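Raw protein_12.pdb, PDB, C-alpha atoms and all ligand atoms:
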```
ATOM      1  CA  MET A 910      19.512  15.127 -58.483
ATOM      2  CA  THR A 911      23.024  14.592 -59.899
ATOM      3  CA  PRO A 912      25.885  15.505 -57.569
ATOM      4  CA  ALA A 913      27.529  18.857 -58.342
ATOM      5  CA  ARG A 914      30.927  17.576 -59.388
ATOM      6  CA  VAL A 915      29.813  15.609 -62.453
ATOM      7  CA  GLN A 916      27.777  18.378 -64.061
ATOM      8  CA  LYS A 917      29.143  20.750 -66.662
ATOM      9  CA  PRO A 918      28.038  24.260 -65.643
ATOM     10  CA  GLU A 919      25.457  25.635 -68.064
ATOM     11  CA  GLY A 920      26.049  29.186 -69.181
ATOM     12  CA  GLN A 921      29.012  31.301 -70.119
ATOM     13  CA  PRO A 922      31.648  33.101 -68.024
ATOM     14  CA  THR A 923      31.086  36.846 -68.160
ATOM     15  CA  ARG A 924      32.668  39.943 -66.630
ATOM     16  CA  GLY A 925      32.821  39.604 -62.875
ATOM     17  CA  LYS A 926      32.490  43.212 -61.800
ATOM     18  CA  THR A 927      30.840  43.774 -58.462
ATOM     19  CA  ALA A 928      30.996  46.331 -55.625
ATOM     20  CA  SER A 929      30.519  46.406 -51.888
ATOM     21  CA  ASN A 930      26.893  46.909 -50.946
ATOM     22  CA  ARG A 931      25.842  47.003 -54.576
ATOM     23  CA  LEU A 932      22.960  44.656 -53.754
ATOM     24  CA  ARG A 933      22.095  45.998 -50.300
ATOM     25  CA  ARG A 934      18.795  47.418 -51.481
ATOM     26  CA  VAL A 935      17.939  44.133 -53.192
ATOM     27  CA  ASP A 936      18.355  42.331 -49.871
ATOM     28  CA  ASN A 937      16.482  45.033 -47.979
ATOM     29  CA  PHE A 938      13.679  44.712 -50.495
ATOM     30  CA  LEU A 939      13.498  40.943 -49.962
ATOM     31  CA  LEU A 940      13.482  41.361 -46.193
ATOM     32  CA  LEU A 941      10.513  43.690 -46.528
ATOM     33  CA  TYR A 942       8.697  41.830 -49.309
ATOM     34  CA  GLU A 943       8.613  38.398 -47.763
ATOM     35  CA  PRO A 944      10.749  37.864 -44.668
ATOM     36  CA  SER A 945       9.205  34.421 -44.234
ATOM     37  CA  LEU A 946      11.037  33.327 -47.380
ATOM     38  CA  LEU A 947      14.201  33.587 -45.339
ATOM     39  CA  THR A 948      12.858  32.371 -42.020
ATOM     40  CA  ARG A 949      10.391  29.603 -42.847
ATOM     41  CA  THR A 950      11.359  26.151 -41.632
ATOM     42  CA  ASP A 951       8.318  24.122 -42.650
ATOM     43  CA  GLY A 952       8.863  20.869 -44.532
ATOM     44  CA  ARG A 953      11.681  20.960 -47.066
ATOM     45  CA  PHE A 954      12.245  24.671 -46.371
ATOM     46  CA  ALA A 955      13.905  23.748 -43.083
ATOM     47  CA  ALA A 956      17.349  23.319 -44.608
ATOM     48  CA  SER A 957      16.878  25.018 -47.959
ATOM     49  CA  PHE A 958      19.324  27.504 -49.421
ATOM     50  CA  PHE A 959      19.460  31.102 -50.438
ATOM     51  CA  VAL A 960      21.467  30.888 -53.686
ATOM     52  CA  ASP A 961      23.483  33.832 -54.954
ATOM     53  CA  LEU A 962      23.976  32.996 -58.632
ATOM     54  CA  GLY A 963      26.939  34.671 -60.326
ATOM     55  CA  TYR A 964      28.426  36.515 -57.348
ATOM     56  CA  GLY A 965      31.321  37.948 -59.347
ATOM     57  CA  PHE A 966      35.105  38.219 -59.026
ATOM     58  CA  ASP A 967      34.896  37.882 -55.273
ATOM     59  CA  ALA A 968      32.310  36.805 -52.759
ATOM     60  CA  ARG A 969      31.595  40.138 -51.134
ATOM     61  CA  THR A 970      27.931  40.392 -52.101
ATOM     62  CA  THR A 971      27.240  36.834 -50.936
ATOM     63  CA  LEU A 972      28.938  37.479 -47.601
ATOM     64  CA  GLU A 973      27.078  40.765 -47.175
ATOM     65  CA  SER A 974      23.776  38.984 -47.784
ATOM     66  CA  ALA A 975      24.761  36.290 -45.317
ATOM     67  CA  ALA A 976      25.208  38.966 -42.642
ATOM     68  CA  ARG A 977      21.904  40.655 -43.530
ATOM     69  CA  PHE A 978      19.749  37.556 -43.839
ATOM     70  CA  ARG A 979      21.169  35.818 -40.785
ATOM     71  CA  ARG A 980      19.859  38.673 -38.643
ATOM     72  CA  VAL A 981      16.429  37.121 -39.261
ATOM     73  CA  ASN A 982      17.575  33.521 -39.622
ATOM     74  CA  PRO A 983      20.929  32.736 -37.990
ATOM     75  CA  THR A 984      21.023  29.244 -39.487
ATOM     76  CA  LEU A 985      20.110  30.115 -43.078
ATOM     77  CA  PRO A 986      22.161  27.986 -45.506
ATOM     78  CA  ILE A 987      23.721  30.100 -48.254
ATOM     79  CA  LEU A 988      25.295  28.992 -51.499
ATOM     80  CA  GLY A 989      27.326  31.222 -53.798
ATOM     81  CA  VAL A 990      27.491  29.834 -57.337
ATOM     82  CA  GLU A 991      29.979  30.916 -59.988
ATOM     83  CA  ILE A 992      30.669  29.605 -63.449
ATOM     84  CA  ASP A 993      34.253  30.871 -63.263
ATOM     85  CA  LYS A 994      36.556  28.437 -61.460
ATOM     86  CA  GLU A 995      39.000  31.075 -60.228
ATOM     87  CA  ARG A 996      36.172  33.054 -58.680
ATOM     88  CA  VAL A 997      35.080  29.971 -56.768
ATOM     89  CA  GLU A 998      38.634  29.413 -55.551
ATOM     90  CA  ALA A 999      38.848  33.051 -54.443
ATOM     91  CA  ALA A1000      35.679  32.609 -52.393
ATOM     92  CA  LEU A1001      36.442  29.274 -50.761
ATOM     93  CA  PRO A1002      38.494  30.724 -47.864
ATOM     94  CA  PHE A1003      35.270  32.461 -46.749
ATOM     95  CA  ALA A1004      33.203  29.276 -46.696
ATOM     96  CA  ASP A1005      31.961  27.783 -43.444
ATOM     97  CA  ALA A1006      29.418  25.234 -42.294
ATOM     98  CA  LEU A1007      26.501  27.409 -43.436
ATOM     99  CA  THR A1008      28.073  29.359 -46.281
ATOM    100  CA  ARG A1009      29.243  27.397 -49.316
ATOM    101  CA  PHE A1010      30.738  28.297 -52.662
ATOM    102  CA  ARG A1011      30.519  25.995 -55.661
ATOM    103  CA  LEU A1012      31.305  25.952 -59.330
ATOM    104  CA  GLY A1013      28.068  25.856 -61.289
ATOM    105  CA  GLY A1014      25.755  27.393 -63.835
ATOM    106  CA  PHE A1015      22.020  27.574 -64.488
ATOM    107  CA  ASN A1016      22.076  23.880 -63.634
ATOM    108  CA  LEU A1017      22.705  24.647 -59.982
ATOM    109  CA  PRO A1018      25.299  22.472 -58.207
ATOM    110  CA  MET A1019      22.860  21.207 -55.598
ATOM    111  CA  LYS A1020      23.542  17.906 -53.913
ATOM    112  CA  SER A1021      21.056  15.203 -53.187
ATOM    113  CA  GLY A1022      18.564  16.355 -50.544
ATOM    114  CA  GLU A1023      19.430  20.053 -50.928
ATOM    115  CA  HIS A1024      16.708  22.525 -51.898
ATOM    116  CA  VAL A1025      16.495  26.188 -52.825
ATOM    117  CA  ARG A1026      14.125  28.738 -51.293
ATOM    118  CA  LEU A1027      15.395  31.869 -52.986
ATOM    119  CA  ILE A1028      17.683  32.717 -55.889
ATOM    120  CA  ARG A1029      19.216  36.125 -56.356
ATOM    121  CA  ALA A1030      20.730  36.476 -59.841
ATOM    122  CA  PHE A1031      21.926  40.011 -60.337
ATOM    123  CA  ASN A1032      23.843  41.417 -63.273
ATOM    124  CA  VAL A1033      24.199  37.933 -64.684
ATOM    125  CA  LEU A1034      21.685  37.587 -67.528
ATOM    126  CA  ARG A1035      22.313  41.106 -68.766
ATOM    127  CA  GLN A1036      25.475  39.778 -70.403
ATOM    128  CA  TYR A1037      23.596  37.049 -72.290
ATOM    129  CA  ASP A1038      21.499  37.158 -75.456
ATOM    130  CA  GLU A1039      17.752  37.532 -75.087
ATOM    131  CA  LYS A1040      17.277  34.015 -76.512
ATOM    132  CA  ASP A1041      19.113  32.599 -73.478
ATOM    133  CA  PHE A1042      16.647  34.089 -70.998
ATOM    134  CA  ALA A1043      13.813  31.535 -71.139
ATOM    135  CA  PRO A1044      16.044  28.409 -71.100
ATOM    136  CA  ALA A1045      17.971  29.798 -68.118
ATOM    137  CA  TYR A1046      14.748  30.422 -66.181
ATOM    138  CA  GLU A1047      13.445  26.990 -67.106
ATOM    139  CA  ARG A1048      16.593  25.284 -65.879
ATOM    140  CA  LEU A1049      16.704  27.257 -62.626
ATOM    141  CA  ALA A1050      13.073  26.414 -61.884
ATOM    142  CA  GLU A1051      14.065  22.772 -61.415
ATOM    143  CA  TYR A1052      15.782  23.522 -58.120
ATOM    144  CA  VAL A1053      13.400  25.915 -56.363
ATOM    145  CA  LEU A1054      10.776  24.706 -53.910
ATOM    146  CA  PRO A1055       7.127  25.514 -54.681
ATOM    147  CA  GLY A1056       6.458  28.891 -53.068
ATOM    148  CA  GLY A1057      10.109  29.860 -53.473
ATOM    149  CA  LEU A1058      11.204  32.946 -55.346
ATOM    150  CA  MET A1059      13.793  34.223 -57.765
ATOM    151  CA  ILE A1060      14.795  37.865 -57.983
ATOM    152  CA  GLU A1061      16.679  38.395 -61.216
ATOM    153  CA  GLY A1062      17.717  41.758 -62.446
ATOM    154  CA  THR A1063      20.182  44.440 -63.372
ATOM    155  CA  SER A1064      21.657  47.347 -61.456
ATOM    156  CA  THR A1065      23.980  50.276 -61.989
ATOM    157  CA  PRO A1066      27.609  49.595 -60.936
ATOM    158  CA  PHE A1067      26.968  50.806 -57.375
ATOM    159  CA  GLY A1068      23.354  49.721 -57.079
ATOM    160  CA  GLN A1069      21.803  53.195 -56.872
ATOM    161  CA  ILE A1070      19.059  52.015 -59.207
ATOM    162  CA  TRP A1071      18.018  48.558 -60.297
ATOM    163  CA  SER A1072      15.119  46.646 -61.768
ATOM    164  CA  ALA A1073      14.256  43.006 -61.316
ATOM    165  CA  ASN A1074      11.830  40.253 -62.174
ATOM    166  CA  LEU A1075      10.155  38.534 -59.257
ATOM    167  CA  ALA A1076       9.446  34.967 -60.330
ATOM    168  CA  ARG A1077       7.470  32.643 -58.067
ATOM    169  CA  LYS A1078       7.840  28.878 -58.285
ATOM    170  CA  MET A1079       4.429  27.284 -58.698
ATOM    171  CA  ASP A1080       3.223  23.854 -57.602
ATOM    172  CA  ASP A1081       3.196  22.654 -61.230
ATOM    173  CA  GLY A1082       6.913  23.374 -61.553
ATOM    174  CA  SER A1083       6.603  26.538 -63.639
ATOM    175  CA  TRP A1084       7.497  30.138 -62.808
ATOM    176  CA  ASN A1085       4.822  32.743 -62.325
ATOM    177  CA  MET A1086       6.162  36.198 -63.143
ATOM    178  CA  GLU A1087       4.805  38.005 -60.098
ATOM    179  CA  ALA A1088       6.074  41.534 -60.568
ATOM    180  CA  LEU A1089       8.642  43.825 -62.094
ATOM    181  CA  VAL A1090      10.328  45.882 -59.388
ATOM    182  CA  PHE A1091      12.195  49.161 -59.753
ATOM    183  CA  SER A1092      14.405  50.546 -57.030
ATOM    184  CA  THR A1093      16.145  53.861 -56.460
ATOM    185  CA  ASN A1094      17.986  55.330 -53.507
ATOM    186  CA  PHE A1095      17.357  58.737 -55.128
ATOM    187  CA  ARG A1096      21.067  59.545 -55.352
ATOM    188  CA  LEU A1097      20.815  59.716 -59.145
ATOM    189  CA  GLY A1098      17.687  61.867 -59.007
ATOM    190  CA  PHE A1099      14.513  60.496 -60.548
ATOM    191  CA  ASP A1100      14.522  59.900 -64.289
ATOM    192  CA  VAL A1101      12.449  57.104 -65.813
ATOM    193  CA  GLU A1102      14.864  56.940 -68.768
ATOM    194  CA  GLU A1103      17.613  55.775 -66.430
ATOM    195  CA  PHE A1104      15.494  52.759 -65.461
ATOM    196  CA  GLN A1105      15.055  51.950 -69.121
ATOM    197  CA  THR A1106      18.812  51.311 -69.377
ATOM    198  CA  ILE A1107      18.834  48.726 -66.568
ATOM    199  CA  LEU A1108      15.748  46.694 -67.459
ATOM    200  CA  PRO A1109      16.059  42.907 -67.086
ATOM    201  CA  LYS A1110      17.058  40.982 -70.209
ATOM    202  CA  ASN A1111      13.485  39.975 -71.099
ATOM    203  CA  TYR A1112      12.486  43.648 -71.376
ATOM    204  CA  ILE A1113      15.502  45.708 -72.341
ATOM    205  CA  HIS A1114      15.240  45.046 -76.081
ATOM    206  CA  ARG A1115      11.453  45.307 -76.026
ATOM    207  CA  VAL A1116      10.860  48.966 -75.333
ATOM    208  CA  VAL A1117       9.211  49.336 -78.731
ATOM    209  CA  LYS A1118       5.640  50.141 -79.767
ATOM    210  CA  GLY A1119       3.256  47.231 -79.269
ATOM    211  CA  GLU A1120       5.089  45.774 -76.263
ATOM    212  CA  PRO A1121       3.595  46.110 -72.745
ATOM    213  CA  ILE A1122       6.921  47.345 -71.351
ATOM    214  CA  PHE A1123       6.886  50.185 -73.909
ATOM    215  CA  ASP A1124       3.423  51.249 -72.749
ATOM    216  CA  PHE A1125       4.535  51.040 -69.135
ATOM    217  CA  ILE A1126       7.696  53.105 -69.594
ATOM    218  CA  GLU A1127       5.858  55.706 -71.667
ATOM    219  CA  ALA A1128       3.086  55.935 -69.070
ATOM    220  CA  TRP A1129       5.653  56.285 -66.258
ATOM    221  CA  LYS A1130       7.442  59.055 -68.161
ATOM    222  CA  ARG A1131       4.128  60.866 -68.717
ATOM    223  CA  SER A1132       3.218  60.361 -65.062
ATOM    224  CA  ALA A1133       6.555  61.826 -63.964
ATOM    225  CA  ALA A1134       6.084  64.828 -66.257
ATOM    226  CA  GLU A1135       2.507  65.448 -65.066
ATOM    227  CA  THR A1136       3.561  65.356 -61.399
ATOM    228  CA  ALA A1137       6.803  67.327 -61.755
ATOM    229  CA  HIS A1138       5.377  70.036 -59.447
ATOM    230  CA  ALA A1139       5.810  67.545 -56.550
ATOM    231  CA  LYS A1140       9.581  67.908 -56.985
ATOM    232  CA  THR A1141       9.435  71.003 -54.795
ATOM    233  CA  PHE A1142       8.669  68.662 -51.876
ATOM    234  CA  GLY A1143      11.582  66.402 -52.764
ATOM    235  CA  LEU A1144      12.371  63.483 -55.061
ATOM    236  CA  ARG A1145      10.559  60.969 -52.889
ATOM    237  CA  GLN A1146       7.308  62.947 -53.074
ATOM    238  CA  TRP A1147       7.703  63.175 -56.825
ATOM    239  CA  PHE A1148       8.362  59.416 -57.111
ATOM    240  CA  ILE A1149       5.206  58.741 -55.041
ATOM    241  CA  ALA A1150       3.066  61.184 -57.039
ATOM    242  CA  ALA A1151       4.256  59.638 -60.324
ATOM    243  CA  ALA A1152       3.416  56.143 -59.049
ATOM    244  CA  GLU A1153      -0.076  57.284 -58.073
ATOM    245  CA  ALA A1154      -0.514  58.815 -61.523
ATOM    246  CA  LEU A1155       0.480  55.458 -63.048
ATOM    247  CA  VAL A1156      -2.294  53.794 -61.056
ATOM    248  CA  ARG A1157      -4.783  56.307 -62.447
ATOM    249  CA  LYS A1158      -3.656  55.238 -65.904
ATOM    250  CA  GLY A1159      -4.669  51.662 -65.079
ATOM    251  CA  PHE A1160      -1.341  50.104 -64.047
ATOM    252  CA  LYS A1161      -1.329  47.782 -61.052
ATOM    253  CA  ILE A1162       1.224  49.396 -58.777
ATOM    254  CA  ASP A1163       1.575  48.623 -55.090
ATOM    255  CA  VAL A1164       1.191  52.123 -53.675
ATOM    256  CA  LYS A1165       1.804  51.267 -50.030
ATOM    257  CA  LYS A1166       3.945  53.962 -48.473
ATOM    258  CA  LYS A1167       6.374  51.332 -47.169
ATOM    259  CA  TRP A1168       7.445  50.795 -50.771
ATOM    260  CA  LEU A1169       7.176  54.163 -52.393
ATOM    261  CA  THR A1170       8.817  56.230 -49.648
ATOM    262  CA  LYS A1171      11.772  53.848 -49.764
ATOM    263  CA  GLY A1172      12.086  54.143 -53.542
ATOM    264  CA  TYR A1173      10.573  50.809 -54.597
ATOM    265  CA  LEU A1174       8.023  50.708 -57.402
ATOM    266  CA  ILE A1175       6.337  47.330 -57.723
ATOM    267  CA  TRP A1176       4.422  46.711 -60.938
ATOM    268  CA  GLU A1177       2.306  43.652 -60.207
ATOM    269  CA  PHE A1178       1.043  41.297 -62.887
TER     270      PHE A1178
HETATM  271  C1  LIG A1201      28.773  41.166 -63.361
HETATM  272  S1  LIG A1201      29.046  39.803 -62.275
HETATM  273  C2  LIG A1201      27.795  40.164 -61.078
HETATM  274  C3  LIG A1201      28.280  40.026 -59.669
HETATM  275  C4  LIG A1201      27.233  40.298 -58.616
HETATM  276  N1  LIG A1201      26.099  39.410 -58.725
HETATM  277  C5  LIG A1201      26.795  41.727 -58.663
HETATM  278  O1  LIG A1201      25.642  41.987 -59.087
HETATM  279  O2  LIG A1201      27.562  42.606 -58.297
HETATM  280  C6  LIG A1201      28.355  38.420 -63.161
HETATM  281  C7  LIG A1201      28.926  37.097 -62.730
HETATM  282  O3  LIG A1201      28.057  36.054 -63.142
HETATM  283  C8  LIG A1201      28.840  34.927 -63.476
HETATM  284  N2  LIG A1201      28.003  34.062 -64.332
HETATM  285  C9  LIG A1201      27.630  34.264 -65.607
HETATM  286  N3  LIG A1201      26.824  33.268 -66.034
HETATM  287  C10 LIG A1201      26.707  32.410 -65.001
HETATM  288  C11 LIG A1201      25.997  31.182 -64.818
HETATM  289  N4  LIG A1201      25.272  30.674 -65.795
HETATM  290  N5  LIG A1201      26.088  30.578 -63.628
HETATM  291  C12 LIG A1201      26.846  31.086 -62.631
HETATM  292  N6  LIG A1201      27.518  32.249 -62.734
HETATM  293  C13 LIG A1201      27.454  32.907 -63.907
HETATM  294  C14 LIG A1201      30.047  35.513 -64.166
HETATM  295  O4  LIG A1201      31.132  34.608 -64.145
HETATM  296  C15 LIG A1201      30.289  36.783 -63.350
HETATM  297  O5  LIG A1201      31.236  36.573 -62.345
END
```
Can the structure from this file be put into structure tokens for me?
Ligand SMILES: C[S@@+](CC[C@H](N)C(=O)[O-])C[C@H]1O[C@@H](n2cnc3c(N)ncnc32)[C@H](O)[C@@H]1O
Amino acid sequence: MTPARVQKPEGQPTRGKTASNRLRRVDNFLLLYEPSLLTRTDGRFAASFFVDLGYGFDARTTLESAARFRRVNPTLPILGVEIDKERVEAALPFADALTRFRLGGFNLPMKSGEHVRLIRAFNVLRQYDEKDFAPAYERLAEYVLPGGLMIEGTSTPFGQIWSANLARKMDDGSWNMEALVFSTNFRLGFDVEEFQTILPKNYIHRVVKGEPIFDFIEAWKRSAAETAHAKTFGLRQWFIAAAEALVRKGFKIDVKKKWLTKGYLIWEF
């Protein structure tokens, strides 16, 4: 792999807005979904990175993740990547032996012998055109170890709701789109239409008749309407009832209470 310094970062600088704890529920989701992704030390995973791609005008979300993930793996290497030089410079004072910040783009600035176990790319691709989605995924796949994961999605400014693709790196080098995840902390109530506004880039322009995401969103709306009586027991009960109604309509939803009671809806593919 080419050393970081000689590569031109692929992508475009975009707005750098972020907020403290905006991605807390993303990290909590990962810790619940597959903690071994963060803790495994077999083979090349031993010294492989969690990469926070596009961390924003300052490094707060990367540093918050470092604190969260190092509770389960105190020696987890973490790399914050930004395409904006000033944002890298702003982050560098917070770097240490395990936490690095580098200028880079979809062609990650990994050095020889470095590997990636997990990429979190949040609120990055939303500012791109839909045509840029597939090439970005393709490029990022080059760096992730087989079995590794990427969570790529969009949130509201304070992270109350978000949705994200879960992409798994396969042995043949490709991504397998494993699931589309929706998350709410219930502070904005429960309204399927709100999720429609924060869909990942590969779906947000596709909520039109004939597309699977259209059928899904419509079915979720219908499920929420049919189960509205559950609201009297609280938003969480309503969210759960709507998810169960989606299953009855034939959608593959993980209905384990550990997800639904916490406000995570996982649509598996
Ligand atoms: C809106 S901020 C998101 C910050 C943080 N991830 C969050 O969700 O709060 C998007 C950041 O992604 C950066 N960015 C855009 N394209 C990038 C790329 N290809 N590689 C690295 N960073 C990129 C932008 O410079 C910007 O700072």
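From atom CA of Ser1021 of chain A back to atom CA of Ile992 of chain A, the distance works out to 20.1 Å.
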### Task
Would you write out, as a PyMOL selection string, every residue that the PyMOL selection byres (((chain A and resi 1041-1047) around 12) and not hetatm) captures in this file?
chain A and resi 918-921+962+1014-1017+1028+1030+1033-1040+1048-1053+1058-1062+1074-1078+1082-1086+1109-1113
### Message
Excluding Arg1115 of chain A and its own-chain neighbours fewer than 3 positions away, which residues fall within 12 Å of it when counting only C-alpha atoms? Please give them as a list of chain:residue names.
### Response
A:Glu1039, A:Gln1105, A:Thr1106, A:Leu1108, A:Pro1109, A:Lys1110, A:Asn1111, A:Tyr1112, A:Lys1118, A:Gly1119, A:Glu1120, A:Pro1121, A:Ile1122, A:Phe1123, A:Asp1124, A:Phe1125, A:Ile1126
Skip segment 997-999 of chain A itself and residues of its chain fewer than 6 positions away, then list as a PDB file with C-alpha atoms, keeping the file's coordinate frame all residues within 10 Å of it, counting only C-alpha atoms.
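Listing of result29.pdb after writing:
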```
ATOM      1  CA  TYR A 964      28.426  36.515 -57.348  1.00  0.00           C
ATOM      2  CA  GLY A 965      31.321  37.948 -59.347  1.00  0.00           C
ATOM      3  CA  PHE A 966      35.105  38.219 -59.026  1.00  0.00           C
ATOM      4  CA  ASP A 967      34.896  37.882 -55.273  1.00  0.00           C
ATOM      5  CA  ALA A 968      32.310  36.805 -52.759  1.00  0.00           C
ATOM      6  CA  GLY A 989      27.326  31.222 -53.798  1.00  0.00           C
ATOM      7  CA  VAL A 990      27.491  29.834 -57.337  1.00  0.00           C
ATOM      8  CA  GLU A 991      29.979  30.916 -59.988  1.00  0.00           C
ATOM      9  CA  ARG A1009      29.243  27.397 -49.316  1.00  0.00           C
ATOM     10  CA  PHE A1010      30.738  28.297 -52.662  1.00  0.00           C
ATOM     11  CA  ARG A1011      30.519  25.995 -55.661  1.00  0.00           C
ATOM     12  CA  LEU A1012      31.305  25.952 -59.330  1.00  0.00           C
ATOM     13  CA  GLY A1013      28.068  25.856 -61.289  1.00  0.00           C
TER      14      GLY A1013
END
```
On this structure, which residues satisfy the PyMOL selection byres (((chain A and resi 1152) around 8) and not hetatm), written as a PDB file with C-alpha atoms, in the coordinates of the input?
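Final file, expr-v8.pdb:
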```pdb
ATOM      1  CA  TRP A1129       5.653  56.285 -66.258  1.00  0.00           C
ATOM      2  CA  SER A1132       3.218  60.361 -65.062  1.00  0.00           C
ATOM      3  CA  PHE A1148       8.362  59.416 -57.111  1.00  0.00           C
ATOM      4  CA  ILE A1149       5.206  58.741 -55.041  1.00  0.00           C
ATOM      5  CA  ALA A1150       3.066  61.184 -57.039  1.00  0.00           C
ATOM      6  CA  ALA A1151       4.256  59.638 -60.324  1.00  0.00           C
ATOM      7  CA  GLU A1153      -0.076  57.284 -58.073  1.00  0.00           C
ATOM      8  CA  ALA A1154      -0.514  58.815 -61.523  1.00  0.00           C
ATOM      9  CA  LEU A1155       0.480  55.458 -63.048  1.00  0.00           C
ATOM     10  CA  VAL A1156      -2.294  53.794 -61.056  1.00  0.00           C
ATOM     11  CA  ILE A1162       1.224  49.396 -58.777  1.00  0.00           C
ATOM     12  CA  VAL A1164       1.191  52.123 -53.675  1.00  0.00           C
ATOM     13  CA  LEU A1169       7.176  54.163 -52.393  1.00  0.00           C
ATOM     14  CA  LEU A1174       8.023  50.708 -57.402  1.00  0.00           C
TER      15      LEU A1174
END
```
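Counting all atoms listed in the file, the residue from A:Arg979, A:Arg1145, A:Arg1026, A:Arg949 that sits nearest to Leu1007 of chain A is A:Arg979.
Distances here use only C-alpha atoms; by that measure, the residue among A:Phe1142, A:Trp1071, A:Phe954, A:Phe1003 closest to Leu932 of chain A is A:Trp1071.
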Give me the box for ligand LIG 1201 (chain A) as JSON, namely the centre and edge lengths in Å to one decimal of a box along x, y and z that holds every listed atom plus 6 Å on each side.
```
{"center_x": 28.3, "center_y": 36.6, "center_z": -62.2, "size_x": 18.0, "size_y": 24.0, "size_z": 19.7}
```
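Take the candidates A:Asp1163, A:Asp961, A:Asp936, A:Glu1102 and check each one against ligand LIG 1201 (chain A) using all atoms listed in the file; the shortest distance goes to A:Asp961.
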### Atomic separation - atom CA of His1024 of chain A relative to atom S1 of ligand LIG 1201 (chain A), Å
23.6 Å
### Task
Step by step, work through what the PyMOL selection byres (((chain A and resi 1008) around 10) and not hetatm) selects in the shown file, and finish by giving those residues as a PyMOL selection string.
chain A and resi 958-959+971-972+975+984-989+1001+1003-1007+1009-1010
Go ahead and save the residues from that selection, with C-alpha atoms, as a short mmCIF file (atom, residue, chain, number, x, y, z; two decimals), keeping the file's coordinate frame.
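Generated file (selection_39.cif):
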```cif
data_model
loop_
_atom_site.label_atom_id
_atom_site.label_comp_id
_atom_site.auth_asym_id
_atom_site.auth_seq_id
_atom_site.Cartn_x
_atom_site.Cartn_y
_atom_site.Cartn_z
CA PHE A 958 19.32 27.50 -49.42
CA PHE A 959 19.46 31.10 -50.44
CA THR A 971 27.24 36.83 -50.94
CA LEU A 972 28.94 37.48 -47.60
CA ALA A 975 24.76 36.29 -45.32
CA THR A 984 21.02 29.24 -39.49
CA LEU A 985 20.11 30.12 -43.08
CA PRO A 986 22.16 27.99 -45.51
CA ILE A 987 23.72 30.10 -48.25
CA LEU A 988 25.30 28.99 -51.50
CA GLY A 989 27.33 31.22 -53.80
CA LEU A 1001 36.44 29.27 -50.76
CA PHE A 1003 35.27 32.46 -46.75
CA ALA A 1004 33.20 29.28 -46.70
CA ASP A 1005 31.96 27.78 -43.44
CA ALA A 1006 29.42 25.23 -42.29
CA LEU A 1007 26.50 27.41 -43.44
CA ARG A 1009 29.24 27.40 -49.32
CA PHE A 1010 30.74 28.30 -52.66
#
```
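The nearest approach to ligand LIG 1201 (chain A) among the residues A:Ala1133, A:Leu941, A:Ala976, A:Ala1000, with only C-alpha atoms and all ligand atoms taken into account, belongs to A:Ala1000.
Atom N6 of ligand LIG 1201 (chain A) to atom CA of Gly925 of chain A spans 9.1 Å [interatomic distance, one decimal].
Here the question is which of A:Ala1073, A:Ala1088, A:Leu947, A:Ala1128 gets nearest to ligand LIG 1201 (chain A) using all atoms listed in the file, and that residue is A:Ala1073.
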### Query
Of the residues A:Pro944, A:Pro1018, A:Pro1002, A:Gly952, which is the one nearest to ligand LIG 1201 (chain A), using all atoms listed in the file?
A:Pro1018
### Task
Using all atoms listed in the file, determine which residues lie at most 7 Å from Leu1144 of chain A, disregarding the query and same-chain residues fewer than 6 positions distant; provide the list as a list of chain:residue names.
A:Phe1095, A:Gly1098, A:Phe1099
